[in-house]
Structures are given as C-alpha cells and as structure tokens.
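A.B. asks: File data.txt below, compact mmCIF, C-alpha atoms and all ligand atoms:
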# COMPACT_ATOMS: atom_id res chain seq x y z
CA MET A 23 22.88 2.86 4.95
CA ALA A 24 22.90 1.70 1.37
CA LYS A 25 21.01 1.81 -1.83
CA VAL A 26 19.34 -1.41 -2.98
CA ARG A 27 19.09 -2.37 -6.64
CA LEU A 28 17.17 -5.24 -8.20
CA GLU A 29 17.86 -6.09 -11.82
CA ASP A 30 15.35 -8.31 -13.56
CA ILE A 31 14.83 -10.55 -10.54
CA LYS A 32 12.80 -13.70 -11.05
CA ARG A 33 11.89 -16.44 -8.57
CA ARG A 34 10.24 -19.70 -9.49
CA PHE A 35 9.01 -22.36 -7.09
CA ASN A 36 8.77 -25.56 -9.18
CA ASN A 37 6.17 -24.59 -11.78
CA VAL A 38 5.01 -21.39 -10.09
CA THR A 39 6.62 -18.10 -11.07
CA ALA A 40 6.26 -16.08 -7.86
CA ILE A 41 7.93 -12.90 -9.22
CA GLU A 42 9.41 -11.82 -12.54
CA ASP A 43 10.83 -8.77 -14.28
CA ILE A 44 11.39 -7.12 -10.91
CA SER A 45 13.72 -4.14 -11.38
CA PHE A 46 14.05 -1.01 -9.26
CA GLU A 47 16.66 0.98 -7.38
CA ILE A 48 15.98 2.35 -3.91
CA PRO A 49 18.25 5.32 -3.19
CA ASP A 50 20.17 5.44 0.05
CA GLY A 51 17.96 6.30 3.03
CA GLU A 52 14.56 6.14 1.32
CA PHE A 53 11.46 4.37 2.64
CA TRP A 54 9.84 2.20 -0.03
CA VAL A 55 6.65 0.19 0.38
CA LEU A 56 5.81 -2.95 -1.60
CA VAL A 57 2.05 -3.29 -1.79
CA GLY A 58 -0.44 -5.55 -3.52
CA PRO A 59 -3.04 -8.25 -2.97
CA SER A 60 -2.29 -11.55 -1.27
CA GLY A 61 0.04 -13.76 -3.29
CA CYS A 62 1.36 -10.95 -5.52
CA GLY A 63 4.97 -11.68 -4.52
CA LYS A 64 5.73 -8.97 -1.93
CA SER A 65 7.23 -11.29 0.67
CA THR A 66 9.21 -13.19 -1.93
CA ILE A 67 10.90 -9.94 -3.01
CA LEU A 68 11.66 -9.00 0.59
CA ARG A 69 12.95 -12.46 1.48
CA THR A 70 15.14 -12.43 -1.63
CA ILE A 71 16.69 -9.12 -0.54
CA ALA A 72 17.18 -10.55 2.96
CA GLY A 73 18.88 -13.65 1.56
CA LEU A 74 16.21 -16.02 2.89
CA GLU A 75 15.29 -16.93 -0.70
CA SER A 76 17.60 -17.02 -3.67
CA ALA A 77 16.64 -15.50 -7.00
CA THR A 78 16.17 -17.93 -9.88
CA SER A 79 17.71 -15.27 -12.12
CA GLY A 80 18.58 -11.58 -12.01
CA LYS A 81 20.99 -9.48 -9.96
CA LEU A 82 20.65 -8.01 -6.50
CA PHE A 83 22.93 -5.24 -5.25
CA ILE A 84 23.17 -3.80 -1.74
CA GLY A 85 25.29 -0.69 -1.89
CA ASP A 86 27.65 -1.35 -4.79
CA SER A 87 28.05 -5.05 -4.02
CA LEU A 88 26.44 -7.87 -5.93
CA VAL A 89 25.02 -10.01 -3.10
CA ASN A 90 23.25 -12.89 -4.90
CA ASN A 91 25.69 -15.35 -3.37
CA VAL A 92 26.25 -13.60 -0.05
CA PRO A 93 24.62 -15.47 2.88
CA ALA A 94 21.81 -13.70 4.76
CA ARG A 95 23.77 -12.94 7.89
CA GLN A 96 26.57 -11.25 5.95
CA ARG A 97 24.22 -8.91 4.07
CA ASP A 98 24.00 -6.40 6.91
CA VAL A 99 20.22 -6.20 6.70
CA ALA A 100 17.75 -6.52 9.58
CA MET A 101 14.30 -8.00 9.06
CA VAL A 102 11.21 -7.68 11.26
CA PHE A 103 8.29 -10.02 10.64
CA GLN A 104 4.61 -9.94 11.47
CA ASN A 105 5.18 -12.65 14.08
CA TYR A 106 7.99 -11.01 15.98
CA ALA A 107 9.59 -13.61 18.23
CA LEU A 108 11.16 -12.13 21.34
CA TYR A 109 13.17 -14.31 23.71
CA PRO A 110 10.66 -14.85 26.54
CA HIS A 111 13.20 -15.46 29.31
CA MET A 112 15.17 -12.26 28.55
CA THR A 113 14.33 -8.72 29.60
CA VAL A 114 13.63 -6.00 27.02
CA ALA A 115 17.20 -4.72 27.42
CA GLN A 116 18.64 -8.22 26.93
CA ASN A 117 16.44 -8.79 23.88
CA ILE A 118 17.66 -5.57 22.29
CA ALA A 119 21.28 -6.33 23.18
CA PHE A 120 21.28 -9.97 22.08
CA GLY A 121 22.23 -9.53 18.41
CA LEU A 122 25.07 -7.21 19.37
CA GLN A 123 26.42 -9.65 21.96
CA MET A 124 26.41 -12.41 19.35
CA ARG A 125 28.57 -10.14 17.20
CA LYS A 126 30.94 -9.59 20.12
CA VAL A 127 30.37 -5.85 20.16
CA ASP A 128 32.05 -4.08 23.09
CA SER A 129 29.76 -4.14 26.15
CA LYS A 130 29.99 -0.37 26.69
CA ILE A 131 28.83 0.28 23.13
CA ILE A 132 26.03 -2.25 23.59
CA GLN A 133 24.81 -0.43 26.67
CA GLU A 134 24.84 2.92 24.87
CA ARG A 135 22.95 1.52 21.90
CA VAL A 136 20.31 -0.11 24.10
CA VAL A 137 19.71 3.21 25.88
CA ASN A 138 19.53 5.15 22.59
CA VAL A 139 17.21 2.67 20.92
CA ALA A 140 14.98 2.51 24.01
CA ARG A 141 14.78 6.30 23.99
CA SER A 142 13.84 6.60 20.34
CA LEU A 143 11.12 3.93 20.73
CA SER A 144 9.85 5.13 24.14
CA LEU A 145 10.90 1.88 25.82
CA GLU A 146 13.06 3.38 28.61
CA GLN A 147 10.58 2.51 31.37
CA LEU A 148 10.24 -1.07 30.16
CA LEU A 149 13.86 -2.19 29.89
CA ASN A 150 13.71 -4.58 32.85
CA ARG A 151 10.42 -6.22 31.92
CA LYS A 152 10.01 -9.61 30.28
CA PRO A 153 8.04 -9.84 27.00
CA LYS A 154 4.94 -11.36 28.63
CA GLN A 155 4.67 -8.21 30.80
CA LEU A 156 4.31 -6.05 27.66
CA SER A 157 1.37 -5.18 25.42
CA GLY A 158 1.40 -6.31 21.78
CA GLY A 159 2.43 -2.85 20.62
CA GLN A 160 5.26 -2.67 23.15
CA GLN A 161 6.50 -6.11 22.10
CA GLN A 162 6.48 -5.03 18.49
CA ARG A 163 8.50 -1.95 19.39
CA VAL A 164 11.05 -4.18 21.14
CA ALA A 165 11.29 -6.30 17.98
CA LEU A 166 11.92 -3.12 15.99
CA GLY A 167 14.43 -1.98 18.62
CA ARG A 168 16.33 -5.23 18.37
CA ALA A 169 16.63 -4.75 14.61
CA ILE A 170 17.56 -1.06 14.87
CA ALA A 171 20.21 -1.68 17.52
CA ARG A 172 22.23 -3.59 14.98
CA GLU A 173 22.42 -0.42 12.86
CA PRO A 174 21.91 -2.36 9.65
CA GLN A 175 22.46 -0.89 6.22
CA VAL A 176 18.94 -1.88 5.23
CA PHE A 177 15.81 -2.42 7.22
CA LEU A 178 13.26 -4.97 5.91
CA LEU A 179 9.79 -5.03 7.44
CA ASP A 180 7.18 -7.64 6.51
CA GLU A 181 3.68 -6.58 7.65
CA PRO A 182 5.10 -5.57 11.05
CA LEU A 183 1.87 -3.96 12.27
CA SER A 184 -0.73 -6.46 11.18
CA ASN A 185 -1.02 -8.17 14.58
CA LEU A 186 -1.81 -4.92 16.37
CA ASP A 187 -5.28 -3.54 17.01
CA ALA A 188 -6.43 -0.51 15.01
CA GLN A 189 -5.44 2.23 17.46
CA LEU A 190 -2.02 0.72 18.19
CA ARG A 191 -1.42 0.21 14.52
CA ASP A 192 -2.04 3.89 13.83
CA ASP A 193 0.24 4.97 16.69
CA THR A 194 3.04 2.58 15.81
CA ARG A 195 2.80 3.56 12.16
CA ALA A 196 3.37 7.21 13.07
CA GLU A 197 6.28 6.20 15.33
CA LEU A 198 7.84 4.20 12.53
CA LYS A 199 7.65 7.17 10.21
CA GLN A 200 9.25 9.44 12.78
CA LEU A 201 11.94 6.86 13.48
CA HIS A 202 12.80 6.67 9.82
CA GLN A 203 13.02 10.44 9.64
CA GLU A 204 15.49 10.39 12.55
CA LEU A 205 17.63 7.41 11.53
CA GLY A 206 17.41 7.62 7.73
CA ILE A 207 18.02 3.87 7.25
CA THR A 208 17.04 2.55 3.81
CA THR A 209 13.77 0.74 4.51
CA ILE A 210 11.68 -1.69 2.50
CA TYR A 211 8.26 -2.36 3.93
CA VAL A 212 5.75 -4.96 2.80
CA THR A 213 2.04 -4.56 3.40
CA HIS A 214 -1.31 -5.21 1.80
CA ASP A 215 -2.73 -2.24 3.72
CA GLN A 216 -3.01 0.68 1.34
CA VAL A 217 -3.25 3.22 4.18
CA GLU A 218 0.15 2.10 5.48
CA ALA A 219 1.51 2.29 1.95
CA MET A 220 0.17 5.79 1.33
CA THR A 221 1.22 7.23 4.69
CA LEU A 222 4.70 5.72 5.08
CA ALA A 223 6.20 5.57 1.63
CA ASP A 224 8.60 7.83 -0.19
CA LYS A 225 7.80 5.52 -3.10
CA ILE A 226 5.23 2.80 -3.51
CA VAL A 227 5.75 -0.29 -5.68
CA VAL A 228 2.37 -1.77 -6.62
CA LEU A 229 2.54 -5.46 -7.49
CA ASN A 230 0.07 -7.89 -8.97
CA ARG A 231 0.63 -11.52 -9.90
CA GLY A 232 4.36 -11.29 -9.43
CA ARG A 233 4.89 -8.23 -11.62
CA ILE A 234 5.36 -4.54 -10.98
CA GLN A 235 2.29 -2.53 -11.98
CA GLN A 236 3.57 0.93 -11.09
CA ILE A 237 6.27 2.68 -9.07
CA GLY A 238 5.80 6.24 -7.84
CA ASP A 239 5.25 8.55 -4.94
CA PRO A 240 1.94 7.99 -3.16
CA GLN A 241 0.12 11.11 -4.37
CA ASN A 242 1.19 10.57 -7.93
CA ILE A 243 0.07 6.95 -8.01
CA TYR A 244 -3.26 7.92 -6.45
CA ALA A 245 -3.82 10.75 -8.91
CA ARG A 246 -2.40 9.03 -12.01
CA PRO A 247 -2.78 5.25 -11.67
CA ALA A 248 -1.26 3.34 -14.58
CA ASN A 249 -4.06 0.83 -14.82
CA GLN A 250 -7.37 -0.28 -13.39
CA MET A 251 -5.77 -2.65 -10.86
CA VAL A 252 -3.66 0.14 -9.32
CA ALA A 253 -6.61 2.54 -9.43
CA ALA A 254 -8.92 0.15 -7.62
CA PHE A 255 -6.28 -1.02 -5.11
CA LEU A 256 -5.25 2.38 -3.71
CA GLY A 257 -8.09 4.31 -2.10
CA ASN A 258 -10.70 3.45 0.49
CA PRO A 259 -13.53 3.15 -0.37
CA PRO A 260 -12.11 2.05 -3.73
CA MET A 261 -12.51 3.83 -7.04
CA ASN A 262 -15.82 3.13 -8.79
CA ILE A 263 -15.48 1.32 -12.10
CA LEU A 264 -18.42 1.69 -14.49
CA PRO A 265 -18.67 -0.09 -17.85
CA ALA A 266 -19.72 2.43 -20.52
CA ILE A 267 -20.00 2.89 -24.28
CA TYR A 268 -18.51 5.98 -25.91
CA LYS A 269 -20.98 7.81 -28.16
CA ASP A 270 -21.31 11.15 -29.96
CA ASP A 271 -21.85 13.28 -26.93
CA GLY A 272 -20.35 11.29 -24.13
CA PHE A 273 -20.55 7.98 -22.31
CA ASP A 274 -23.60 5.79 -22.15
CA VAL A 275 -23.52 4.35 -18.64
CA SER A 276 -26.18 1.64 -18.53
CA GLY A 277 -28.63 3.75 -20.53
CA GLN A 278 -27.88 7.02 -18.69
CA LEU A 279 -25.93 9.62 -20.64
CA LEU A 280 -22.85 11.17 -19.15
CA ALA A 281 -22.34 14.13 -21.47
CA ILE A 282 -18.72 15.17 -22.02
CA PRO A 283 -17.88 18.78 -22.98
CA SER A 284 -16.53 19.02 -26.53
CA TYR A 285 -13.07 20.25 -25.43
CA MET A 286 -12.73 17.08 -23.35
CA GLN A 287 -13.88 14.90 -26.21
CA ASP A 288 -11.14 16.44 -28.36
CA ASN A 289 -8.59 15.53 -25.72
CA LEU A 290 -9.96 12.04 -25.24
CA ARG A 291 -9.95 11.18 -28.96
CA LEU A 292 -11.71 7.86 -28.33
CA PRO A 293 -13.25 5.72 -31.08
CA GLN A 294 -17.05 5.92 -31.20
CA GLY A 295 -19.22 2.99 -30.18
CA GLN A 296 -16.53 1.22 -28.17
CA ASN A 297 -16.71 -0.13 -24.67
CA PHE A 298 -14.61 1.43 -21.94
CA ASN A 299 -14.43 1.27 -18.18
CA LEU A 300 -14.86 4.60 -16.45
CA GLY A 301 -13.17 5.18 -13.10
CA ILE A 302 -14.30 7.80 -10.60
CA ARG A 303 -13.25 8.08 -6.96
CA PRO A 304 -15.97 8.29 -4.28
CA GLU A 305 -14.83 11.80 -3.30
CA HIS A 306 -15.34 13.07 -6.86
CA ILE A 307 -19.06 12.36 -6.96
CA PHE A 308 -21.49 15.06 -5.82
CA ILE A 309 -25.16 14.91 -4.96
CA ASN A 310 -27.27 17.38 -6.95
CA GLU A 311 -29.77 19.62 -5.19
CA PRO A 312 -33.33 18.89 -6.45
CA GLN A 313 -33.50 21.92 -8.76
CA GLN A 314 -30.02 21.16 -10.18
CA ALA A 315 -31.22 17.64 -10.84
CA ALA A 316 -34.20 18.93 -12.80
CA GLU A 317 -32.01 21.12 -15.03
CA ASN A 318 -28.97 18.90 -15.39
CA GLN A 319 -28.49 16.79 -18.51
CA ASN A 320 -25.34 15.25 -17.21
CA GLN A 321 -26.27 13.15 -14.23
CA LEU A 322 -26.57 9.61 -13.00
CA VAL A 323 -29.67 8.62 -11.07
CA VAL A 324 -29.18 6.15 -8.25
CA GLU A 325 -31.08 4.61 -5.37
CA VAL A 326 -29.44 4.70 -1.94
CA LYS A 327 -28.75 1.22 -0.53
CA VAL A 328 -26.53 1.75 2.52
CA VAL A 329 -25.65 4.89 4.50
CA GLU A 330 -22.56 4.85 6.75
CA PRO A 331 -22.14 8.02 8.84
CA LEU A 332 -18.52 8.33 10.02
CA GLY A 333 -18.80 11.71 11.72
CA ARG A 334 -16.55 13.87 9.53
CA GLU A 335 -17.94 12.26 6.36
CA THR A 336 -20.69 9.91 5.24
CA LEU A 337 -20.18 6.96 2.92
CA ILE A 338 -23.05 5.95 0.70
CA ARG A 339 -23.51 2.85 -1.39
CA ALA A 340 -26.05 3.40 -4.12
CA ALA A 341 -27.24 1.47 -7.17
CA LEU A 342 -27.67 2.92 -10.66
CA VAL A 343 -31.41 2.72 -11.29
CA LYS A 344 -31.02 1.30 -14.78
CA SER A 345 -28.44 -1.39 -14.15
CA ALA A 346 -28.15 -1.89 -10.38
CA ALA A 347 -24.35 -1.39 -10.63
CA LEU A 348 -23.14 -0.17 -7.24
CA LEU A 349 -21.38 3.12 -6.60
CA ASN A 350 -19.44 4.31 -3.55
CA ILE A 351 -20.00 7.97 -2.77
CA GLN A 352 -18.15 9.97 -0.12
CA THR A 353 -20.00 13.03 1.06
CA SER A 354 -20.08 15.45 3.98
CA GLY A 355 -20.87 14.28 7.51
CA ASN A 356 -24.12 16.18 7.86
CA VAL A 357 -26.17 14.70 5.01
CA ARG A 358 -29.35 12.91 6.07
CA LEU A 359 -30.15 10.07 3.68
CA HIS A 360 -31.96 6.77 3.93
CA PRO A 361 -32.03 3.50 2.00
CA GLY A 362 -34.53 3.83 -0.83
CA ASP A 363 -33.90 7.57 -1.43
CA ARG A 364 -33.38 8.53 -5.07
CA LEU A 365 -30.42 10.78 -5.83
CA SER A 366 -29.12 12.54 -8.86
CA LEU A 367 -25.32 12.50 -9.00
CA GLN A 368 -22.87 14.77 -10.70
CA LEU A 369 -19.38 13.41 -11.49
CA ASP A 370 -16.34 15.69 -11.53
CA LEU A 371 -15.42 15.09 -15.16
CA ASN A 372 -11.89 16.39 -14.62
CA GLU A 373 -11.35 13.42 -12.32
CA LEU A 374 -12.80 10.81 -14.63
CA PHE A 375 -10.45 8.01 -15.73
CA VAL A 376 -10.95 5.90 -18.83
CA PHE A 377 -9.58 2.35 -18.90
CA ASP A 378 -9.27 -0.20 -21.69
CA PRO A 379 -11.65 -2.95 -20.52
CA LYS A 380 -9.46 -5.71 -22.00
CA THR A 381 -6.00 -4.72 -20.76
CA GLY A 382 -7.01 -2.47 -17.86
CA ILE A 383 -4.51 0.15 -19.05
CA ARG A 384 -5.52 3.77 -18.41
CA ILE A 385 -6.24 5.59 -21.64
CA SER A 386 -7.12 8.91 -20.09
P1 LIG B 401 0.69 -12.41 1.25
O1 LIG B 401 0.26 -10.97 1.27
O2 LIG B 401 -0.48 -13.37 1.24
O3 LIG B 401 1.76 -12.73 2.25
P2 LIG B 401 2.66 -12.08 -0.87
O4 LIG B 401 2.32 -10.98 -1.80
O5 LIG B 401 3.70 -11.78 0.15
O6 LIG B 401 1.34 -12.65 -0.21
P3 LIG B 401 4.34 -14.29 -1.62
O7 LIG B 401 4.33 -14.91 -0.27
O8 LIG B 401 5.58 -13.61 -2.05
O9 LIG B 401 3.11 -13.29 -1.78
O10 LIG B 401 3.97 -15.41 -2.68
C1 LIG B 401 3.97 -15.18 -4.08
C2 LIG B 401 3.59 -16.46 -4.82
O11 LIG B 401 4.59 -17.44 -4.68
C3 LIG B 401 2.30 -17.10 -4.33
O12 LIG B 401 1.62 -17.62 -5.41
C4 LIG B 401 2.80 -18.20 -3.42
O13 LIG B 401 1.87 -19.24 -3.35
C5 LIG B 401 4.08 -18.62 -4.09
N1 LIG B 401 5.06 -19.13 -3.14
C6 LIG B 401 5.66 -18.42 -2.15
N2 LIG B 401 6.54 -19.19 -1.46
C7 LIG B 401 6.47 -20.44 -2.02
C8 LIG B 401 7.13 -21.70 -1.75
N3 LIG B 401 8.04 -21.81 -0.79
N4 LIG B 401 6.78 -22.73 -2.53
C9 LIG B 401 5.88 -22.61 -3.52
N5 LIG B 401 5.23 -21.48 -3.84
C10 LIG B 401 5.52 -20.39 -3.08
Translate this structure into structure tokens?
C.D. replies:
Amino acid sequence: MAKVRLEDIKRRFNNVTAIEDISFEIPDGEFWVLVGPSGCGKSTILRTIAGLESATSGKLFIGDSLVNNVPARQRDVAMVFQNYALYPHMTVAQNIAFGLQMRKVDSKIIQERVVNVARSLSLEQLLNRKPKQLSGGQQQRVALGRAIAREPQVFLLDEPLSNLDAQLRDDTRAELKQLHQELGITTIYVTHDQVEAMTLADKIVVLNRGRIQQIGDPQNIYARPANQMVAAFLGNPPMNILPAIYKDDGFDVSGQLLAIPSYMQDNLRLPQGQNFNLGIRPEHIFINEPQQAAENQNQLVVEVKVVEPLGRETLIRAALVKSAALLNIQTSGNVRLHPGDRLSLQLDLNELFVFDPKTGIRIS
C-alpha cells in the first residue's frame, strides 16, 4: 500500500490541454473516485498514475518516490479497464496466476494467492473454467482477481463496471467496496456514474474540462457543492436550477415570488435587482395541500408534465406555469397525479442554493 501524490500535473496532447493544475494527495489505503462528464480528463489522470501516459509537467509520487520517469511495470500498480481482457485459452486459476508466474513468484505462494483471491471474490467454484464459460460479471471478477493477486501498492480502476447489466453492476459494486474494506489497498477509481462515486468513495474528485472542481467526502460534496457544475452533476434526478432576480422580499422566479424570511435575507446579503441561479434538489420540494396553497404566499405553481412511479417514491417533471421552465420533484410513492394537474409547490428554503450565473460559483 502507498499514498499517491500529484503536484500540479498537466498533460497536453498537441494543442489540447487534457488536464491541468491537478494536485491532490491520496492517503495510504483510501478509496478515491475521479468523476466527471465525458472528456473531463479522468482517464488521462489514471493513465498518468499508471505510467501509460507521461505528464507534460508536474510531479507524481507513489509512496515517497518520485515516479515520473519510472516505467509502468516498475510502479507496482495494477490497473483494471472497462474492457477486461482475459486470456481465453487459460482457466480462471491460470488467468489469476499469470502475472505472478511472469514475475517468477514461487509456485507454492502462487497457489496460496490464487485460492485466497478466489475466496474473497467468490470464484472458488469457477477456478477450472475458461473465460467463455463465465458470465460478464464473473469475468470482471476474474479480471479484478488477477490484479489483486499481484498485491499491488495501488489499484487503478477505469470504469470497471460499465459493461455489466444493472443488477450485476450493483452487486459487483458492493463486492468491490467490501473487498476494499478487507484488503485496504489504495484505490483510484474512474467513473462517470455518480451513484458509483457516491457509494464507493472515501473522497470524490469532481472534474470538468481538465480541472478539479471540488474534492471532498461524498456527503459533504452533495450537501455543499462548490459550484453549479458539481451541484448539477451529483444527484439523480439532478438539482433544479432556476434563473431568478433578487428583490426586496425574495426571489422573482419567472414572475412568481419566492419570499425569503428576513433573517435569511440578512445572511444572504445579496445585491438587489441582480440575476442569480437558484438550486434546489428534487427531494427538497414539497407539494402543498389545497388549503395550504390558498394561504401560502411563498409558492411556485406548476403544471405536471410527466409522472414516474418508482414504488418507494414518485418522480414528477413539472413546468412553471409562467415560464415553462422544468422542475424535477421527488415525492412519496403513494401520490396519485396526472399530466395536466396543477400543483402548488413549497421549497425548503434551508436547502436553497444561490449561484453566480456567470461563474457558476455558489454564493450561498
Ligand atoms: P471519458 O469519460 O469519455 O472516457 P475522460 O474524462 O476519461 O472521458 P480523457 O480520456 O482523459 O477523458 O480525455 C480528456 C481530454 O483529452 C479529451 O478532450 C480527449 O479528447 C483528450 N485526449 C485524450 N487522449 C488523447 C490523445 N491520445 N490524443 C489527443 N487528445 C487526447
């Protein structure tokens, strides 16, 4: 195991800067997830750590060693890709053992490791099978097993679950988490799936356009996103973003007034008459009962467009009546609503975010 430190890493491909200003230190044994939209530079960071790319500038340390000029195979890292390639003519046991044989590890030790790895990944019954006799999920576990058997200092995983179907992905994700808890190998995991990021990570690094947007533990990033990009990226359905103008008594959201209590206005200290983007998560919007709607000054009126019952909860997409801007609302599973229904909505003002519409930075 080892800590991993990146100092101001930059990588250019001809005229394209894929990543820049990338600095962080992953403590020994932690599980970090790099997340962000396609093309944000996640794989480039991982491949740079693996030694498959070289940094244009900056320093990379594994443990206490500067490894910029150390070839990939001497870095003592193991990488698992989305397209795991097993050797088709070898059994599961031979696949897991292969890397160790190449390193001339003693055959008794190899046997022990294969048995241990197979046990921790529930592969014991499959050791004599060939890859084509395995399901996709089993093959992926063998690929992980092959990497684990080497007992690397650092484990690098690039979208390892994205070829699996939904159920298998959920199961394998839970297994991966358990495996990390047992083995404690420093792990860096790349995904664009925010559920994987939230559920697996000790720390999440959110990237956009080659730069770090925020680093933090999952709950903290979810509750206190640094900017509008991070806020909208983590959470499903995503956070609602509503353009609004700040006025005497609150926010004007497309002609509907969202009154803000005076103590909150004091805290906000926003300039009057300016445009802001408001952020509110779907789970922080509530549907008013009819008599509440009649009394309430502080409400948004919407028309239901789509109703998606999911059993435990219902997702609603609704349009603000005055502007047609769409809102995602997450409500209980037993509501009965139909397209065309009019609703009055109450926002939990304690969960309202305010973003600068130009920079996207969270102001409050
Ligand atoms: P995805 O989720 O789609 O895999 P990513 O976040 O992993 O994306 P990278 O693959 O790291 O993104 O790519 C980051 C940027 O660098 C992209 O703009 C990409 O086009 C560019 N890039 C990556 N590799 C090369 C290369 N070999 N030559 C030129 N440009 C590259």
A.B. asks: Every residue with an atom at most 10 Å from (-29.1, 1.7, 3.7) (file coordinates; all atoms listed in the file) is what I'm after, so could you write them as a list of chain:residue names?
C.D. replies: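 The answer, in the requested form, is A:Glu325, A:Val326, A:Lys327, A:Val328, A:Val329, A:Glu330, A:Ile338, A:Arg339, A:Ala340, A:Leu359, A:His360, A:Pro361, A:Gly362, A:Asp363.
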A.B. asks: Check which residues of chain A sit at most 9 Å from ligand LIG 401 (chain B) using only C-alpha atoms and all ligand atoms, and return one row each with the closest pair of atoms and their distance in Å to one decimal, ordered by chain and rising number, as a tab-separated table.
C.D. replies:
residue	atom	partner	partner_atom	distance
A:Arg33	CA	B:LIG401	O11	8.3
A:Arg34	CA	B:LIG401	O11	7.8
A:Phe35	CA	B:LIG401	C9	4.8
A:Asn36	CA	B:LIG401	C9	7.0
A:Asn37	CA	B:LIG401	C9	8.5
A:Val38	CA	B:LIG401	N5	6.3
A:Thr39	CA	B:LIG401	O11	6.7
A:Ala40	CA	B:LIG401	O11	3.8
A:Ile41	CA	B:LIG401	C1	6.9
A:Leu56	CA	B:LIG401	O4	8.8
A:Val57	CA	B:LIG401	O4	7.7
A:Gly58	CA	B:LIG401	O4	6.3
A:Pro59	CA	B:LIG401	O1	6.0
A:Ser60	CA	B:LIG401	O2	3.6
A:Gly61	CA	B:LIG401	O9	3.5
A:Cys62	CA	B:LIG401	O4	3.8
A:Gly63	CA	B:LIG401	O8	3.2
A:Lys64	CA	B:LIG401	O4	4.0
A:Ser65	CA	B:LIG401	O5	3.6
A:Thr66	CA	B:LIG401	O8	3.7
A:Ile67	CA	B:LIG401	O8	6.5
A:Leu68	CA	B:LIG401	O8	8.1
A:Arg69	CA	B:LIG401	O8	8.3
A:Glu75	CA	B:LIG401	N3	8.7
A:Asp180	CA	B:LIG401	O5	8.3
A:Glu181	CA	B:LIG401	O3	8.4
A:Val212	CA	B:LIG401	O5	7.6
A:Thr213	CA	B:LIG401	O1	7.0
A:His214	CA	B:LIG401	O1	6.0
A:Leu229	CA	B:LIG401	O4	7.9
A:Asn230	CA	B:LIG401	O4	8.1
A:Arg231	CA	B:LIG401	O12	7.6
A:Gly232	CA	B:LIG401	C1	6.6
A.B. asks: Calculate how many Å separate CA of Ser354 (chain A) from CA of Thr336 (chain A), rounding to one decimal.
C.D. replies: 5.7 Å
A.B. asks: What's the separation between CA of Leu256 (chain A) and CA of Asn185 (chain A), in Å to one decimal place?
C.D. replies: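 Those two atoms sit 21.5 Å apart.
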A.B. asks: Enter the distance from CA of Ile309 (chain A) to CA of Arg384 (chain A), in Å, rounded to one decimal.
C.D. replies: 26.3 Å
A.B. asks: Using all atoms listed in the file, which of the listed residues (A:Val324, A:Glu42, A:Ala169, A:Gln287) sits closest to Ala346 (chain A)?
C.D. replies: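 Result for the nearest residue to Ala346 (chain A): A:Val324.
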A.B. asks: Can you work out which one of A:Ile44, A:Val114, A:Leu122, A:Val89 has the shortest atom-to-atom distance to Gln155 (chain A), counting all atoms listed in the file?
C.D. replies: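 Smallest separation from Gln155 (chain A) among the options: A:Val114.
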A.B. asks: Using all atoms listed in the file, which protein or nucleic acid residues come within 6 Å of region 371-382 of chain A? Drop anything in the same chain fewer than 6 positions from it, and give the result as a list in words.
C.D. replies: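 That gives Asn249, Gln250, Phe298, Asn299, Leu300, Gly301 and Ile302 of chain A.
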A.B. asks: Save out the residues we just selected, C-alpha atoms, as a compact mmCIF listing (two decimals), in the frame of the given file.
C.D. replies:
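Now in selection04.txt:
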# COMPACT_ATOMS: atom_id res chain seq x y z
CA ASN A 249 -4.06 0.83 -14.82
CA GLN A 250 -7.37 -0.28 -13.39
CA PHE A 298 -14.61 1.43 -21.94
CA ASN A 299 -14.43 1.27 -18.18
CA LEU A 300 -14.86 4.60 -16.45
CA GLY A 301 -13.17 5.18 -13.10
CA ILE A 302 -14.30 7.80 -10.60
A.B. asks: Build an axis-aligned box that encloses every atom of region 279-293 of chain A listed in the file, pad it by 6 Å on each side, and report its centre and edge lengths in Å to one decimal, as JSON.
C.D. replies:
{"center_x": -17.3, "center_y": 13.0, "center_z": -25.1, "size_x": 29.3, "size_y": 26.5, "size_z": 23.9}
A.B. asks: Need to verify the contact set: Val217 (chain A), 9 Å, only C-alpha atoms, exclusion of same-chain residues closer than 5 positions in sequence. Can you return it as a PDB file with C-alpha atoms, in the frame of the given file?
C.D. replies:
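Result file out-v3.pdb:
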ATOM      1  CA  LEU A 222       4.700   5.720   5.080  1.00  0.00           C
ATOM      2  CA  LEU A 256      -5.250   2.380  -3.710  1.00  0.00           C
ATOM      3  CA  GLY A 257      -8.090   4.310  -2.100  1.00  0.00           C
ATOM      4  CA  ASN A 258     -10.700   3.450   0.490  1.00  0.00           C
TER       5      ASN A 258
END
A.B. asks: (-21.4, 7.7, -22.9) in this file's frame - what residues fall within 12 Å of it? Use all atoms listed in the file and give the answer as JSON, numbers by chain.
C.D. replies: {"A": [264, 265, 266, 267, 268, 269, 270, 271, 272, 273, 274, 275, 276, 277, 278, 279, 280, 281, 282, 283, 287, 292, 293, 294, 295, 296, 297, 298, 299, 300, 320, 321, 322, 376]}
A.B. asks: Excluding region 131-145 of chain A and its own-chain neighbours fewer than 5 positions away, which residues fall within 8 Å of it when counting only C-alpha atoms? Please give them as a list in words.
C.D. replies: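 That gives Ala115, Ile118, Ala119, Leu122, Gln123, Gln160, Arg163, Val164, Gly167, Ile170, Ala171, Glu197 and Leu201 of chain A.
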A.B. asks: Hey, which of A:Asp98, A:Glu218, A:Asp43, A:Asp193 ends up closest to Val176 (chain A)? Count all atoms listed in the file.
C.D. replies: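 Closest to Val176 (chain A), using all atoms listed in the file: A:Asp98.
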A.B. asks: Between A:Ala72, A:Met112, A:Ile263, A:Ala188, which one has atoms that come closest to Leu348 (chain A), using only C-alpha atoms?
C.D. replies: A:Ile263
A.B. asks: Tell me which of A:Met251, A:Ile243, A:Val92, A:Ile48 sits closest to Ile210 (chain A), counting all atoms listed in the file.
C.D. replies: A:Ile48
A.B. asks: Restricting the calculation to all atoms listed in the file, which member of A:Gln96, A:Val127, A:Leu186, A:Ser45 is positioned closest to Gln235 (chain A)?
C.D. replies: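 Nearest candidate to Gln235 (chain A) out of A:Gln96, A:Val127, A:Leu186, A:Ser45: A:Ser45.
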A.B. asks: How would region 55-62 of chain A read, as a CSV table (one decimal), keeping the file's coordinate frame, once N, CA and C atoms are built in?
C.D. replies:
chain,number,residue,atom,x,y,z
A,55,VAL,N,7.7,1.1,-0.1
A,55,VAL,CA,6.6,0.2,0.4
A,55,VAL,C,6.2,-0.7,-0.8
A,56,LEU,N,6.3,-2.0,-0.6
A,56,LEU,CA,5.8,-3.0,-1.6
A,56,LEU,C,4.4,-3.3,-1.2
A,57,VAL,N,3.5,-3.1,-2.1
A,57,VAL,CA,2.0,-3.3,-1.8
A,57,VAL,C,1.4,-4.1,-2.9
A,58,GLY,N,0.3,-4.8,-2.5
A,58,GLY,CA,-0.4,-5.6,-3.5
A,58,GLY,C,-1.3,-6.6,-2.8
A,59,PRO,N,-2.2,-7.2,-3.6
A,59,PRO,CA,-3.0,-8.2,-3.0
A,59,PRO,C,-2.3,-9.5,-2.6
A,60,SER,N,-2.9,-10.3,-1.8
A,60,SER,CA,-2.3,-11.6,-1.3
A,60,SER,C,-1.8,-12.4,-2.4
A,61,GLY,N,-0.5,-12.9,-2.3
A,61,GLY,CA,0.0,-13.8,-3.3
A,61,GLY,C,0.7,-13.0,-4.4
A,62,CYS,N,0.8,-11.7,-4.4
A,62,CYS,CA,1.4,-11.0,-5.5
A,62,CYS,C,2.9,-11.0,-5.6
